[in-house]
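Participant: Before anything else, here's the structure in question.
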Amino acid sequence: MKLIVVIILLIANIQVFAITGTYLPVPSQNLVRHTYYTLSYNDKNEEANWVYYTLTDNMVMNGGEERTNNFKVDVLVPTGSAKSSDYTKSGYDRGHLCPAGDMGFNPTAMVESFFMSNISPQKPDFNRGIWKELETAVRGWARKEHKIEVVTGPVFKENKGTIGKSGVLVPGYFFKIIFDSSDEPRIIAFLLPNEKSDRPIKDFAVTTDEIEKLTGYDFFSQLQDNIENQLESNIELAGWFEGYTTEKPQAYQKEPRQKTADSDPRFYYAMVLVILLVAMFVYFKSRKRR
């Protein structure tokens, strides 16, 4: 019986990995994996390089969990994350990368959204203004498209000094990239200066290629090359914002692509199935011997 319990837990853990590890940016260094999001931690700047997560319509519609506002050190960061006290009286908000508003579907998700590894210094008018507006738009797109992939983080350009004893760097910009992986895949990316703005969020839409140049990360590299190149080199507002239309391009050619353990979650399910079958065989054989 203990063996069966261990196998069930193994399956559950691999399912979580399949959810949070599908389209991780490359290179993926200093990874910290939480239940519903994964991040790359920057020890020098004491904040994440990026945070990646999947957001579904069910997660948004079941988002009734009360906000905790309980910021905690992330004990999964080997070198130690920044502290909440680093932000006290700094003039900057503790700005979420993976928003608490996206993680309100259960207590674990809400608690983990307040780990300091998921926090960056943001000007109050930015955090509570246009950044919040973009976060709200993302939840709307999740409801509409049923499932989207989100990667977000700071851009360390035109930085604004450091705060706190930990020396948390104040980024000059923040980015957010949203990928709709449906039959007609779409990407939209945003680059916003860390300051107040009254402009509409669509004004800050850029190509994913531009964010890759600024950050040094390759986003959604697991896609077939022809799809990735098409999506990441263009700014396409149609389908995301009302009032925009575009002619549908020819159907993407689905080229054969070798799947690896990192890019295909089915590999893990197959592996677990084999382990389960072997374990069951050994278990029942040992019972017969008794």
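Residue names in the structure tokens use chain letters A, B, ... in the order shown, residue numbers from 1 in each chain, and ligand numbers from 1 in the order shown.
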Among range 63-121 of chain A, which residues does DSSP mark as strand (DSSP E) when it is run on the backbone? Keep the chain and numbering as in the structure and answer as a list in words.
Facilitator: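 Of range 63-121 of chain A, the ones in strand (DSSP E) are Asp93, Arg94, Gly95, His96, Ile119, Ser120 and Pro121 of chain A.
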Participant: Can I get the selection written as a PDB file, in the first residue's frame, with N, CA and C atoms?
Facilitator:
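As written to disk, result.pdb reads:
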```pdb
ATOM      1  N   ASP A  93       6.472  50.161  -4.245  1.00  0.00           N
ATOM      2  CA  ASP A  93       5.550  49.082  -3.887  1.00  0.00           C
ATOM      3  C   ASP A  93       6.231  47.725  -4.027  1.00  0.00           C
ATOM      4  N   ARG A  94       5.714  46.773  -3.287  1.00  0.00           N
ATOM      5  CA  ARG A  94       6.088  45.374  -3.494  1.00  0.00           C
ATOM      6  C   ARG A  94       5.226  44.873  -4.664  1.00  0.00           C
ATOM      7  N   GLY A  95       5.761  45.005  -5.856  1.00  0.00           N
ATOM      8  CA  GLY A  95       4.974  44.717  -7.054  1.00  0.00           C
ATOM      9  C   GLY A  95       5.043  43.253  -7.456  1.00  0.00           C
ATOM     10  N   HIS A  96       3.873  42.638  -7.605  1.00  0.00           N
ATOM     11  CA  HIS A  96       3.820  41.232  -8.008  1.00  0.00           C
ATOM     12  C   HIS A  96       4.204  41.069  -9.478  1.00  0.00           C
ATOM     13  N   ILE A 119       8.387  39.216  -6.280  1.00  0.00           N
ATOM     14  CA  ILE A 119       8.147  40.647  -6.065  1.00  0.00           C
ATOM     15  C   ILE A 119       9.288  41.479  -6.653  1.00  0.00           C
ATOM     16  N   SER A 120       8.938  42.622  -7.253  1.00  0.00           N
ATOM     17  CA  SER A 120       9.914  43.578  -7.774  1.00  0.00           C
ATOM     18  C   SER A 120       9.520  44.988  -7.329  1.00  0.00           C
ATOM     19  N   PRO A 121      10.500  45.889  -7.153  1.00  0.00           N
ATOM     20  CA  PRO A 121      10.169  47.264  -6.765  1.00  0.00           C
ATOM     21  C   PRO A 121       9.475  48.001  -7.915  1.00  0.00           C
TER      22      PRO A 121
END
```
Participant: Quick one: everything within 12 Å of Gly104 in chain A, counting only C-alpha atoms, minus sequence neighbours fewer than 5 positions away in the same chain. Send it as a PyMOL selection string.
Facilitator: chain A and resi 36+55+58-68+98-99+109-114+139
Participant: Smallest atom-to-atom distance to Asn118 in chain A: which of A:Tyr217, A:Phe179, A:Trp50, A:Tyr23, using only C-alpha atoms?
Facilitator: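 Of all the options, A:Trp50 lies closest to Asn118 in chain A.
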